[in-house]
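Shown next: start_7.txt, given as compact mmCIF, N, CA and C atoms and all ligand atoms.
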```txt
# COMPACT_ATOMS: atom_id res chain seq x y z
N MET A 1 15.70 -1.90 -64.32
CA MET A 1 15.39 -3.12 -63.58
C MET A 1 15.41 -2.84 -62.08
N PHE A 2 14.38 -3.35 -61.37
CA PHE A 2 14.36 -3.25 -59.92
C PHE A 2 15.37 -4.24 -59.34
N LYS A 3 16.04 -3.83 -58.29
CA LYS A 3 16.95 -4.74 -57.61
C LYS A 3 16.43 -4.98 -56.19
N ASN A 4 17.33 -4.97 -55.23
CA ASN A 4 16.93 -5.26 -53.85
C ASN A 4 16.16 -4.11 -53.19
N LEU A 5 15.51 -4.45 -52.07
CA LEU A 5 14.95 -3.41 -51.22
C LEU A 5 16.14 -2.67 -50.62
N GLU A 6 16.29 -1.41 -50.94
CA GLU A 6 17.48 -0.67 -50.52
C GLU A 6 17.37 -0.23 -49.07
N HIS A 7 16.22 0.30 -48.70
CA HIS A 7 15.99 0.64 -47.30
C HIS A 7 14.50 0.79 -47.01
N ILE A 8 14.19 0.81 -45.74
CA ILE A 8 12.83 1.09 -45.29
C ILE A 8 12.86 2.46 -44.64
N GLY A 9 11.98 3.35 -45.05
CA GLY A 9 11.94 4.70 -44.51
C GLY A 9 10.89 4.79 -43.41
N ILE A 10 11.27 5.33 -42.27
CA ILE A 10 10.35 5.46 -41.15
C ILE A 10 10.24 6.92 -40.75
N ALA A 11 9.01 7.41 -40.73
CA ALA A 11 8.77 8.80 -40.35
C ALA A 11 8.78 8.93 -38.84
N VAL A 12 9.57 9.85 -38.32
CA VAL A 12 9.65 10.05 -36.87
C VAL A 12 9.51 11.53 -36.53
N LYS A 13 9.05 11.80 -35.31
CA LYS A 13 8.88 13.19 -34.90
C LYS A 13 10.20 13.81 -34.48
N ASP A 14 10.95 13.06 -33.69
CA ASP A 14 12.18 13.60 -33.14
C ASP A 14 13.34 12.67 -33.50
N LEU A 15 14.20 13.14 -34.38
CA LEU A 15 15.27 12.29 -34.91
C LEU A 15 16.20 11.78 -33.81
N GLU A 16 16.57 12.65 -32.88
CA GLU A 16 17.52 12.24 -31.84
C GLU A 16 16.93 11.16 -30.93
N VAL A 17 15.66 11.35 -30.56
CA VAL A 17 15.00 10.36 -29.70
C VAL A 17 14.91 9.01 -30.43
N SER A 18 14.49 9.05 -31.69
CA SER A 18 14.32 7.81 -32.45
C SER A 18 15.66 7.18 -32.79
N LYS A 19 16.67 8.02 -32.97
CA LYS A 19 18.01 7.50 -33.24
C LYS A 19 18.49 6.63 -32.08
N SER A 20 18.34 7.13 -30.88
CA SER A 20 18.80 6.30 -29.76
C SER A 20 17.91 5.07 -29.57
N LEU A 21 16.62 5.22 -29.88
CA LEU A 21 15.72 4.06 -29.81
C LEU A 21 16.18 2.96 -30.78
N PHE A 22 16.47 3.36 -32.02
CA PHE A 22 16.86 2.36 -33.01
C PHE A 22 18.28 1.83 -32.77
N GLU A 23 19.12 2.64 -32.15
CA GLU A 23 20.45 2.14 -31.78
C GLU A 23 20.31 1.02 -30.75
N LYS A 24 19.38 1.24 -29.83
CA LYS A 24 19.12 0.22 -28.81
C LYS A 24 18.48 -1.02 -29.45
N LEU A 25 17.51 -0.78 -30.32
CA LEU A 25 16.79 -1.88 -30.96
C LEU A 25 17.71 -2.73 -31.83
N LEU A 26 18.46 -2.08 -32.70
CA LEU A 26 19.27 -2.81 -33.69
C LEU A 26 20.67 -3.12 -33.18
N GLN A 27 21.03 -2.54 -32.07
CA GLN A 27 22.36 -2.70 -31.48
C GLN A 27 23.46 -2.32 -32.46
N VAL A 28 23.23 -1.22 -33.14
CA VAL A 28 24.24 -0.71 -34.05
C VAL A 28 24.09 0.82 -34.06
N LYS A 29 25.21 1.52 -34.20
CA LYS A 29 25.15 2.98 -34.26
C LYS A 29 24.67 3.41 -35.65
N SER A 30 23.98 4.53 -35.70
CA SER A 30 23.63 5.09 -37.00
C SER A 30 24.93 5.45 -37.72
N TYR A 31 25.06 5.04 -38.99
CA TYR A 31 26.32 5.29 -39.68
C TYR A 31 26.34 6.64 -40.40
N LYS A 32 25.17 7.27 -40.46
CA LYS A 32 25.14 8.55 -41.16
C LYS A 32 23.91 9.35 -40.77
N THR A 33 24.11 10.63 -40.52
CA THR A 33 22.98 11.55 -40.33
C THR A 33 23.14 12.60 -41.41
N GLU A 34 22.05 12.88 -42.09
CA GLU A 34 22.16 13.78 -43.24
C GLU A 34 20.91 14.63 -43.38
N THR A 35 21.13 15.90 -43.68
CA THR A 35 20.01 16.80 -43.95
C THR A 35 19.78 16.86 -45.45
N VAL A 36 18.52 16.74 -45.85
CA VAL A 36 18.19 16.90 -47.26
C VAL A 36 17.35 18.17 -47.38
N GLU A 37 18.04 19.25 -47.77
CA GLU A 37 17.40 20.57 -47.81
C GLU A 37 16.19 20.59 -48.73
N SER A 38 16.31 19.94 -49.90
CA SER A 38 15.24 20.00 -50.89
C SER A 38 13.94 19.40 -50.34
N GLU A 39 14.07 18.46 -49.40
CA GLU A 39 12.88 17.82 -48.82
C GLU A 39 12.56 18.37 -47.44
N GLN A 40 13.40 19.26 -46.94
CA GLN A 40 13.23 19.79 -45.58
C GLN A 40 13.15 18.68 -44.54
N VAL A 41 14.08 17.73 -44.64
CA VAL A 41 14.12 16.64 -43.68
C VAL A 41 15.54 16.39 -43.19
N SER A 42 15.61 15.80 -42.00
CA SER A 42 16.89 15.25 -41.58
C SER A 42 16.70 13.75 -41.46
N THR A 43 17.76 13.02 -41.78
CA THR A 43 17.67 11.57 -41.86
C THR A 43 18.80 10.93 -41.06
N ALA A 44 18.56 9.72 -40.59
CA ALA A 44 19.62 8.94 -39.95
C ALA A 44 19.52 7.52 -40.51
N PHE A 45 20.67 6.97 -40.88
CA PHE A 45 20.70 5.65 -41.50
C PHE A 45 21.32 4.60 -40.58
N PHE A 46 20.74 3.41 -40.64
CA PHE A 46 21.24 2.26 -39.89
C PHE A 46 21.44 1.10 -40.84
N GLN A 47 22.47 0.33 -40.56
CA GLN A 47 22.68 -0.90 -41.32
C GLN A 47 22.51 -2.06 -40.36
N SER A 48 21.54 -2.93 -40.63
CA SER A 48 21.35 -4.12 -39.80
C SER A 48 21.49 -5.33 -40.71
N GLY A 49 22.58 -6.02 -40.62
CA GLY A 49 22.84 -7.10 -41.58
C GLY A 49 22.83 -6.51 -42.97
N GLU A 50 21.99 -7.06 -43.85
CA GLU A 50 21.94 -6.55 -45.22
C GLU A 50 20.85 -5.50 -45.39
N THR A 51 20.18 -5.16 -44.30
CA THR A 51 19.03 -4.27 -44.41
C THR A 51 19.34 -2.88 -43.87
N LYS A 52 18.89 -1.87 -44.60
CA LYS A 52 19.07 -0.50 -44.14
C LYS A 52 17.74 0.09 -43.69
N VAL A 53 17.83 0.89 -42.65
CA VAL A 53 16.66 1.62 -42.15
C VAL A 53 17.00 3.10 -42.19
N GLU A 54 16.08 3.89 -42.69
CA GLU A 54 16.25 5.34 -42.75
C GLU A 54 15.20 5.99 -41.87
N LEU A 55 15.63 6.72 -40.86
CA LEU A 55 14.68 7.50 -40.08
C LEU A 55 14.59 8.87 -40.73
N VAL A 56 13.38 9.38 -40.87
CA VAL A 56 13.17 10.67 -41.52
C VAL A 56 12.36 11.58 -40.61
N ALA A 57 12.89 12.75 -40.32
CA ALA A 57 12.18 13.72 -39.49
C ALA A 57 12.07 15.04 -40.23
N ALA A 58 10.98 15.74 -40.00
CA ALA A 58 10.76 17.03 -40.68
C ALA A 58 11.64 18.11 -40.08
N LEU A 59 12.11 19.00 -40.94
CA LEU A 59 12.86 20.18 -40.47
C LEU A 59 11.97 21.41 -40.43
N ALA A 60 10.83 21.33 -41.11
CA ALA A 60 9.93 22.47 -41.16
C ALA A 60 8.49 21.97 -41.18
N GLU A 61 7.57 22.82 -40.75
CA GLU A 61 6.17 22.42 -40.67
C GLU A 61 5.55 22.11 -42.02
N ASN A 62 6.10 22.74 -43.07
CA ASN A 62 5.52 22.51 -44.40
C ASN A 62 6.20 21.36 -45.14
N SER A 63 7.08 20.65 -44.44
CA SER A 63 7.71 19.49 -45.05
C SER A 63 6.67 18.37 -45.21
N ALA A 64 6.80 17.60 -46.28
CA ALA A 64 5.85 16.50 -46.53
C ALA A 64 5.82 15.51 -45.36
N ILE A 65 6.95 15.33 -44.71
CA ILE A 65 7.01 14.41 -43.57
C ILE A 65 6.19 14.94 -42.39
N ALA A 66 6.25 16.24 -42.16
CA ALA A 66 5.45 16.84 -41.08
C ALA A 66 3.97 16.62 -41.35
N LYS A 67 3.58 16.82 -42.60
CA LYS A 67 2.17 16.63 -42.95
C LYS A 67 1.77 15.17 -42.82
N TYR A 68 2.67 14.29 -43.21
CA TYR A 68 2.41 12.85 -43.11
C TYR A 68 2.17 12.45 -41.65
N ILE A 69 3.07 12.91 -40.77
CA ILE A 69 2.96 12.54 -39.35
C ILE A 69 1.70 13.13 -38.73
N GLU A 70 1.38 14.33 -39.16
CA GLU A 70 0.16 14.97 -38.65
C GLU A 70 -1.07 14.13 -39.00
N LYS A 71 -1.08 13.60 -40.23
CA LYS A 71 -2.21 12.82 -40.70
C LYS A 71 -2.21 11.39 -40.18
N LYS A 72 -1.04 10.73 -40.26
CA LYS A 72 -1.00 9.29 -40.00
C LYS A 72 -0.19 8.89 -38.78
N GLY A 73 0.53 9.83 -38.22
CA GLY A 73 1.39 9.49 -37.09
C GLY A 73 2.72 8.93 -37.56
N GLU A 74 3.57 8.61 -36.61
CA GLU A 74 4.88 8.07 -36.95
C GLU A 74 4.71 6.65 -37.49
N GLY A 75 5.69 6.18 -38.23
CA GLY A 75 5.63 4.80 -38.69
C GLY A 75 6.28 4.61 -40.04
N ILE A 76 6.04 3.43 -40.62
CA ILE A 76 6.66 3.12 -41.91
C ILE A 76 6.14 4.11 -42.95
N HIS A 77 7.06 4.77 -43.61
CA HIS A 77 6.72 5.84 -44.54
C HIS A 77 6.91 5.43 -45.99
N HIS A 78 8.01 4.77 -46.28
CA HIS A 78 8.23 4.33 -47.67
C HIS A 78 9.14 3.11 -47.74
N LEU A 79 9.05 2.43 -48.89
CA LEU A 79 9.96 1.34 -49.22
C LEU A 79 10.80 1.83 -50.38
N ALA A 80 12.10 1.67 -50.26
CA ALA A 80 12.98 2.14 -51.32
C ALA A 80 13.64 0.95 -52.01
N PHE A 81 13.49 0.91 -53.31
CA PHE A 81 14.12 -0.14 -54.11
C PHE A 81 15.28 0.44 -54.90
N ALA A 82 16.37 -0.29 -54.89
CA ALA A 82 17.49 0.08 -55.74
C ALA A 82 17.12 -0.27 -57.17
N VAL A 83 17.45 0.61 -58.09
CA VAL A 83 17.22 0.32 -59.51
C VAL A 83 18.52 0.51 -60.27
N GLU A 84 18.60 -0.21 -61.37
CA GLU A 84 19.80 -0.17 -62.19
C GLU A 84 19.93 1.20 -62.87
N ASP A 85 18.82 1.64 -63.48
CA ASP A 85 18.86 2.88 -64.26
C ASP A 85 17.57 3.64 -63.97
N ILE A 86 17.67 4.64 -63.12
CA ILE A 86 16.46 5.30 -62.60
C ILE A 86 15.65 5.96 -63.73
N ARG A 87 16.34 6.54 -64.70
CA ARG A 87 15.59 7.23 -65.77
C ARG A 87 14.78 6.24 -66.61
N SER A 88 15.37 5.09 -66.91
CA SER A 88 14.60 4.15 -67.73
C SER A 88 13.47 3.52 -66.91
N GLU A 89 13.68 3.32 -65.60
CA GLU A 89 12.58 2.82 -64.76
C GLU A 89 11.45 3.83 -64.68
N MET A 90 11.82 5.11 -64.54
CA MET A 90 10.80 6.16 -64.47
C MET A 90 9.97 6.18 -65.76
N ALA A 91 10.63 6.05 -66.88
CA ALA A 91 9.92 6.06 -68.16
C ALA A 91 9.01 4.83 -68.27
N ARG A 92 9.53 3.68 -67.85
CA ARG A 92 8.73 2.45 -67.92
C ARG A 92 7.49 2.57 -67.02
N LEU A 93 7.70 3.02 -65.77
CA LEU A 93 6.59 3.09 -64.82
C LEU A 93 5.53 4.08 -65.29
N LYS A 94 6.00 5.19 -65.83
CA LYS A 94 5.07 6.20 -66.35
C LYS A 94 4.22 5.60 -67.47
N SER A 95 4.89 4.86 -68.36
CA SER A 95 4.15 4.27 -69.48
C SER A 95 3.18 3.19 -69.01
N GLU A 96 3.44 2.61 -67.83
CA GLU A 96 2.53 1.61 -67.26
C GLU A 96 1.40 2.27 -66.47
N GLY A 97 1.42 3.59 -66.37
CA GLY A 97 0.33 4.29 -65.70
C GLY A 97 0.59 4.66 -64.25
N PHE A 98 1.79 4.41 -63.75
CA PHE A 98 2.10 4.83 -62.38
C PHE A 98 2.31 6.34 -62.35
N VAL A 99 1.97 6.93 -61.20
CA VAL A 99 2.08 8.38 -61.06
C VAL A 99 3.38 8.71 -60.33
N LEU A 100 4.29 9.36 -61.00
CA LEU A 100 5.57 9.71 -60.39
C LEU A 100 5.47 11.08 -59.74
N LEU A 101 6.15 11.24 -58.63
CA LEU A 101 6.11 12.54 -57.94
C LEU A 101 7.16 13.51 -58.48
N GLN A 102 8.07 13.02 -59.28
CA GLN A 102 9.05 13.90 -59.92
C GLN A 102 9.14 13.59 -61.41
N GLU A 103 9.40 14.62 -62.16
CA GLU A 103 9.63 14.43 -63.59
C GLU A 103 11.07 14.00 -63.85
N GLU A 104 11.95 14.48 -62.97
CA GLU A 104 13.38 14.20 -63.10
C GLU A 104 13.86 13.60 -61.78
N PRO A 105 14.80 12.66 -61.81
CA PRO A 105 15.35 12.17 -60.55
C PRO A 105 15.99 13.30 -59.78
N LYS A 106 15.92 13.26 -58.46
CA LYS A 106 16.57 14.31 -57.69
C LYS A 106 17.57 13.72 -56.70
N LYS A 107 18.40 14.59 -56.17
CA LYS A 107 19.44 14.13 -55.26
C LYS A 107 18.80 13.87 -53.91
N GLY A 108 18.85 12.60 -53.45
CA GLY A 108 18.30 12.25 -52.15
C GLY A 108 19.41 12.06 -51.14
N ALA A 109 19.07 11.47 -50.00
CA ALA A 109 20.07 11.21 -48.96
C ALA A 109 20.95 10.03 -49.36
N ASP A 110 22.06 9.89 -48.69
CA ASP A 110 22.94 8.72 -48.81
C ASP A 110 23.47 8.51 -50.23
N ASN A 111 23.80 9.63 -50.87
CA ASN A 111 24.43 9.57 -52.19
C ASN A 111 23.59 8.84 -53.25
N LYS A 112 22.31 9.21 -53.33
CA LYS A 112 21.42 8.54 -54.27
C LYS A 112 20.67 9.54 -55.14
N LEU A 113 20.39 9.10 -56.35
CA LEU A 113 19.38 9.79 -57.16
C LEU A 113 18.08 9.09 -56.85
N VAL A 114 17.03 9.86 -56.60
CA VAL A 114 15.78 9.24 -56.17
C VAL A 114 14.58 9.76 -56.94
N CYS A 115 13.52 8.97 -56.93
CA CYS A 115 12.23 9.39 -57.46
C CYS A 115 11.17 8.63 -56.68
N PHE A 116 10.08 9.29 -56.34
CA PHE A 116 9.01 8.64 -55.59
C PHE A 116 7.81 8.37 -56.50
N ILE A 117 7.14 7.26 -56.21
CA ILE A 117 5.90 6.93 -56.93
C ILE A 117 4.74 7.25 -56.01
N HIS A 118 3.75 7.95 -56.54
CA HIS A 118 2.61 8.36 -55.71
C HIS A 118 1.88 7.13 -55.16
N PRO A 119 1.62 7.13 -53.83
CA PRO A 119 0.95 5.96 -53.23
C PRO A 119 -0.43 5.66 -53.82
N LYS A 120 -1.05 6.65 -54.46
CA LYS A 120 -2.38 6.36 -55.03
C LYS A 120 -2.29 5.37 -56.18
N SER A 121 -1.10 5.22 -56.75
CA SER A 121 -0.98 4.24 -57.83
C SER A 121 -0.29 2.95 -57.38
N THR A 122 0.02 2.83 -56.08
CA THR A 122 0.72 1.64 -55.59
C THR A 122 0.10 1.11 -54.29
N ASN A 123 -1.22 0.95 -54.27
CA ASN A 123 -1.90 0.40 -53.09
C ASN A 123 -1.52 1.12 -51.80
N SER A 124 -1.40 2.43 -51.89
CA SER A 124 -1.11 3.27 -50.72
C SER A 124 0.28 3.09 -50.13
N VAL A 125 1.18 2.47 -50.89
CA VAL A 125 2.56 2.34 -50.41
C VAL A 125 3.43 3.34 -51.17
N LEU A 126 4.06 4.23 -50.43
CA LEU A 126 4.97 5.16 -51.08
C LEU A 126 6.25 4.41 -51.44
N ILE A 127 6.56 4.40 -52.73
CA ILE A 127 7.74 3.67 -53.21
C ILE A 127 8.78 4.68 -53.67
N GLU A 128 10.01 4.46 -53.24
CA GLU A 128 11.13 5.30 -53.68
C GLU A 128 12.02 4.45 -54.58
N LEU A 129 12.39 5.01 -55.70
CA LEU A 129 13.41 4.36 -56.54
C LEU A 129 14.71 5.04 -56.20
N CYS A 130 15.77 4.30 -56.08
CA CYS A 130 17.04 4.98 -55.88
C CYS A 130 18.18 4.30 -56.63
N GLN A 131 19.04 5.15 -57.12
CA GLN A 131 20.21 4.70 -57.86
C GLN A 131 21.43 5.36 -57.25
N GLU A 132 22.40 4.54 -56.91
CA GLU A 132 23.64 5.04 -56.33
C GLU A 132 24.29 6.03 -57.32
N ILE A 133 24.75 7.18 -56.80
CA ILE A 133 25.49 8.10 -57.65
C ILE A 133 26.92 7.61 -57.72
N GLU A 134 27.40 7.41 -58.93
CA GLU A 134 28.76 6.86 -59.11
C GLU A 134 29.80 7.88 -58.70
ZN ZN B 201 14.28 6.78 -48.41
```

Could the structure of this file be written out as structure tokens, please?
Amino acid sequence: MFKNLEHIGIAVKDLEVSKSLFEKLLQVKSYKTETVESEQVSTAFFQSGETKVELVAALAENSAIAKYIEKKGEGIHHLAFAVEDIRSEMARLKSEGFVLLQEEPKKGADNKLVCFIHPKSTNSVLIELCQEIE
């Protein structure tokens, strides 16, 4: 089952520059900066009221984020929804014809198991499913 919008992912070129920008914008310090080696990205998280924002910057030129920014520039990159049971959601979505970018959930940032849905099957919106790791 899908639950709340867990966070909004924003692709940025320079994490430190954007971190101070969003600190100024949201008037809150980033509560976590984390490197996700498997994705070659570094991330910074903000909590604004009930809403979380994740800034994502590439660590390497061949990172998907680097390619994204090269093509589309900085901006909203993905919407992440919390799900109750990521494996059963993945199976359901697959059976409905959605294209998943992973066969198995993987360890994402902020203590989550994650899976992405290909934007070609979701009106060009990259959707991330995430389930808190207990
Ligand atoms: Zn995310």

Among the residues A:Arg87, A:Glu104, A:Thr33, A:Phe98, the one that comes closest to Thr122 of chain A [using only N, CA and C atoms]:
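That would be A:Phe98, the residue with the smallest distance to Thr122 of chain A.
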
Do a neighbour search on Glu6 of chain A at 8 Å with only N, CA and C atoms, toss out local chain neighbours closer than 6 positions, and write the hits as a PyMOL selection string.
chain A and resi 50-54+79-83+130

Given only C-alpha atoms and all ligand atoms as the basis, pick out the residue of A:Ala58, A:Leu25, A:Val99, A:Ala109 nearest to ligand ZN 201 (chain B).
A:Ala109

Do you know which residues are within 10 Å of ligand ZN 201 (chain B) using only C-alpha atoms and all ligand atoms? Can you write them as an MDAnalysis selection string?
chainID A and resid 6:11 43 45 52:56 77:81 108:110 112 114:116 126:130

Please, what distance in Å, to one decimal, runs between atom CA of Phe22 of chain A and atom CA of Pro105 of chain A?
29.3 Å

Rounded to one decimal in Å, what is the spacing between atom CA of Glu37 of chain A and atom CA of Lys107 of chain A?
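Answer for the atom CA of Glu37 of chain A to atom CA of Lys107 of chain A separation: 10.1 Å.
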
Using all atoms listed in the file, which protein or nucleic acid residues come within 8 Å of Asn62 of chain A? Drop anything in the same chain fewer than 5 positions from it, and give the result as a ChimeraX atom specification.
/A:39-40,67

Run DSSP on the backbone of this structure and report the residues of chain A it assigns to strand (DSSP E or B), as an NGL selection string.
:A and (2-12 or 32-36 or 41-48 or 51-58 or 75-83 or 100 or 106-108 or 112-117 or 127-132)

Figure out the distance between atom CA of Lys24 of chain A and atom CA of Ser48 of chain A, please, to one decimal in Å.
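A separation of 12.0 Å between them.
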
For Ser63 of chain A, which residue out of A:Gln131, A:Ser95, A:Ser88, A:Ser42 is the nearest one, using only C-alpha atoms?
A:Ser42

Looking at only N, CA and C atoms, which of A:Val28, A:Leu21, A:Val12, A:Leu101 is the one that sits closest to Gly75 of chain A?
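Residue with the minimum atom-to-atom distance to Gly75 of chain A: A:Val12.
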
Any chance you could list, as a ChimeraX atom specification, the residues in chain A that come up helix (DSSP H, G or I) when DSSP is run on the backbone?
/A:15-26,37-39,64-72,86-95,119-121

Take the residues from that selection and put them in a file with N, CA and C atoms, as a compact mmCIF listing (two decimals), keeping the file's coordinate frame.
```
# COMPACT_ATOMS: atom_id res chain seq x y z
N LEU A 15 14.20 13.14 -34.38
CA LEU A 15 15.27 12.29 -34.91
C LEU A 15 16.20 11.78 -33.81
N GLU A 16 16.57 12.65 -32.88
CA GLU A 16 17.52 12.24 -31.84
C GLU A 16 16.93 11.16 -30.93
N VAL A 17 15.66 11.35 -30.56
CA VAL A 17 15.00 10.36 -29.70
C VAL A 17 14.91 9.01 -30.43
N SER A 18 14.49 9.05 -31.69
CA SER A 18 14.32 7.81 -32.45
C SER A 18 15.66 7.18 -32.79
N LYS A 19 16.67 8.02 -32.97
CA LYS A 19 18.01 7.50 -33.24
C LYS A 19 18.49 6.63 -32.08
N SER A 20 18.34 7.13 -30.88
CA SER A 20 18.80 6.30 -29.76
C SER A 20 17.91 5.07 -29.57
N LEU A 21 16.62 5.22 -29.88
CA LEU A 21 15.72 4.06 -29.81
C LEU A 21 16.18 2.96 -30.78
N PHE A 22 16.47 3.36 -32.02
CA PHE A 22 16.86 2.36 -33.01
C PHE A 22 18.28 1.83 -32.77
N GLU A 23 19.12 2.64 -32.15
CA GLU A 23 20.45 2.14 -31.78
C GLU A 23 20.31 1.02 -30.75
N LYS A 24 19.38 1.24 -29.83
CA LYS A 24 19.12 0.22 -28.81
C LYS A 24 18.48 -1.02 -29.45
N LEU A 25 17.51 -0.78 -30.32
CA LEU A 25 16.79 -1.88 -30.96
C LEU A 25 17.71 -2.73 -31.83
N LEU A 26 18.46 -2.08 -32.70
CA LEU A 26 19.27 -2.81 -33.69
C LEU A 26 20.67 -3.12 -33.18
N GLU A 37 18.04 19.25 -47.77
CA GLU A 37 17.40 20.57 -47.81
C GLU A 37 16.19 20.59 -48.73
N SER A 38 16.31 19.94 -49.90
CA SER A 38 15.24 20.00 -50.89
C SER A 38 13.94 19.40 -50.34
N GLU A 39 14.07 18.46 -49.40
CA GLU A 39 12.88 17.82 -48.82
C GLU A 39 12.56 18.37 -47.44
N ALA A 64 6.80 17.60 -46.28
CA ALA A 64 5.85 16.50 -46.53
C ALA A 64 5.82 15.51 -45.36
N ILE A 65 6.95 15.33 -44.71
CA ILE A 65 7.01 14.41 -43.57
C ILE A 65 6.19 14.94 -42.39
N ALA A 66 6.25 16.24 -42.16
CA ALA A 66 5.45 16.84 -41.08
C ALA A 66 3.97 16.62 -41.35
N LYS A 67 3.58 16.82 -42.60
CA LYS A 67 2.17 16.63 -42.95
C LYS A 67 1.77 15.17 -42.82
N TYR A 68 2.67 14.29 -43.21
CA TYR A 68 2.41 12.85 -43.11
C TYR A 68 2.17 12.45 -41.65
N ILE A 69 3.07 12.91 -40.77
CA ILE A 69 2.96 12.54 -39.35
C ILE A 69 1.70 13.13 -38.73
N GLU A 70 1.38 14.33 -39.16
CA GLU A 70 0.16 14.97 -38.65
C GLU A 70 -1.07 14.13 -39.00
N LYS A 71 -1.08 13.60 -40.23
CA LYS A 71 -2.21 12.82 -40.70
C LYS A 71 -2.21 11.39 -40.18
N LYS A 72 -1.04 10.73 -40.26
CA LYS A 72 -1.00 9.29 -40.00
C LYS A 72 -0.19 8.89 -38.78
N ILE A 86 17.67 4.64 -63.12
CA ILE A 86 16.46 5.30 -62.60
C ILE A 86 15.65 5.96 -63.73
N ARG A 87 16.34 6.54 -64.70
CA ARG A 87 15.59 7.23 -65.77
C ARG A 87 14.78 6.24 -66.61
N SER A 88 15.37 5.09 -66.91
CA SER A 88 14.60 4.15 -67.73
C SER A 88 13.47 3.52 -66.91
N GLU A 89 13.68 3.32 -65.60
CA GLU A 89 12.58 2.82 -64.76
C GLU A 89 11.45 3.83 -64.68
N MET A 90 11.82 5.11 -64.54
CA MET A 90 10.80 6.16 -64.47
C MET A 90 9.97 6.18 -65.76
N ALA A 91 10.63 6.05 -66.88
CA ALA A 91 9.92 6.06 -68.16
C ALA A 91 9.01 4.83 -68.27
N ARG A 92 9.53 3.68 -67.85
CA ARG A 92 8.73 2.45 -67.92
C ARG A 92 7.49 2.57 -67.02
N LEU A 93 7.70 3.02 -65.77
CA LEU A 93 6.59 3.09 -64.82
C LEU A 93 5.53 4.08 -65.29
N LYS A 94 6.00 5.19 -65.83
CA LYS A 94 5.07 6.20 -66.35
C LYS A 94 4.22 5.60 -67.47
N SER A 95 4.89 4.86 -68.36
CA SER A 95 4.15 4.27 -69.48
C SER A 95 3.18 3.19 -69.01
N PRO A 119 1.62 7.13 -53.83
CA PRO A 119 0.95 5.96 -53.23
C PRO A 119 -0.43 5.66 -53.82
N LYS A 120 -1.05 6.65 -54.46
CA LYS A 120 -2.38 6.36 -55.03
C LYS A 120 -2.29 5.37 -56.18
N SER A 121 -1.10 5.22 -56.75
CA SER A 121 -0.98 4.24 -57.83
C SER A 121 -0.29 2.95 -57.38
```

Please determine, counting all atoms listed in the file, which residue among A:Gln102, A:Val36, A:Leu113, A:Met1 has the shortest atom-to-atom distance to Glu134 of chain A.
A:Leu113

Let me make sure I understand: among A:Ile76, A:Val41, A:Glu84, A:Glu61, which one has the smallest atom-to-atom distance to Glu132 of chain A if we use all atoms listed in the file?
A:Glu84
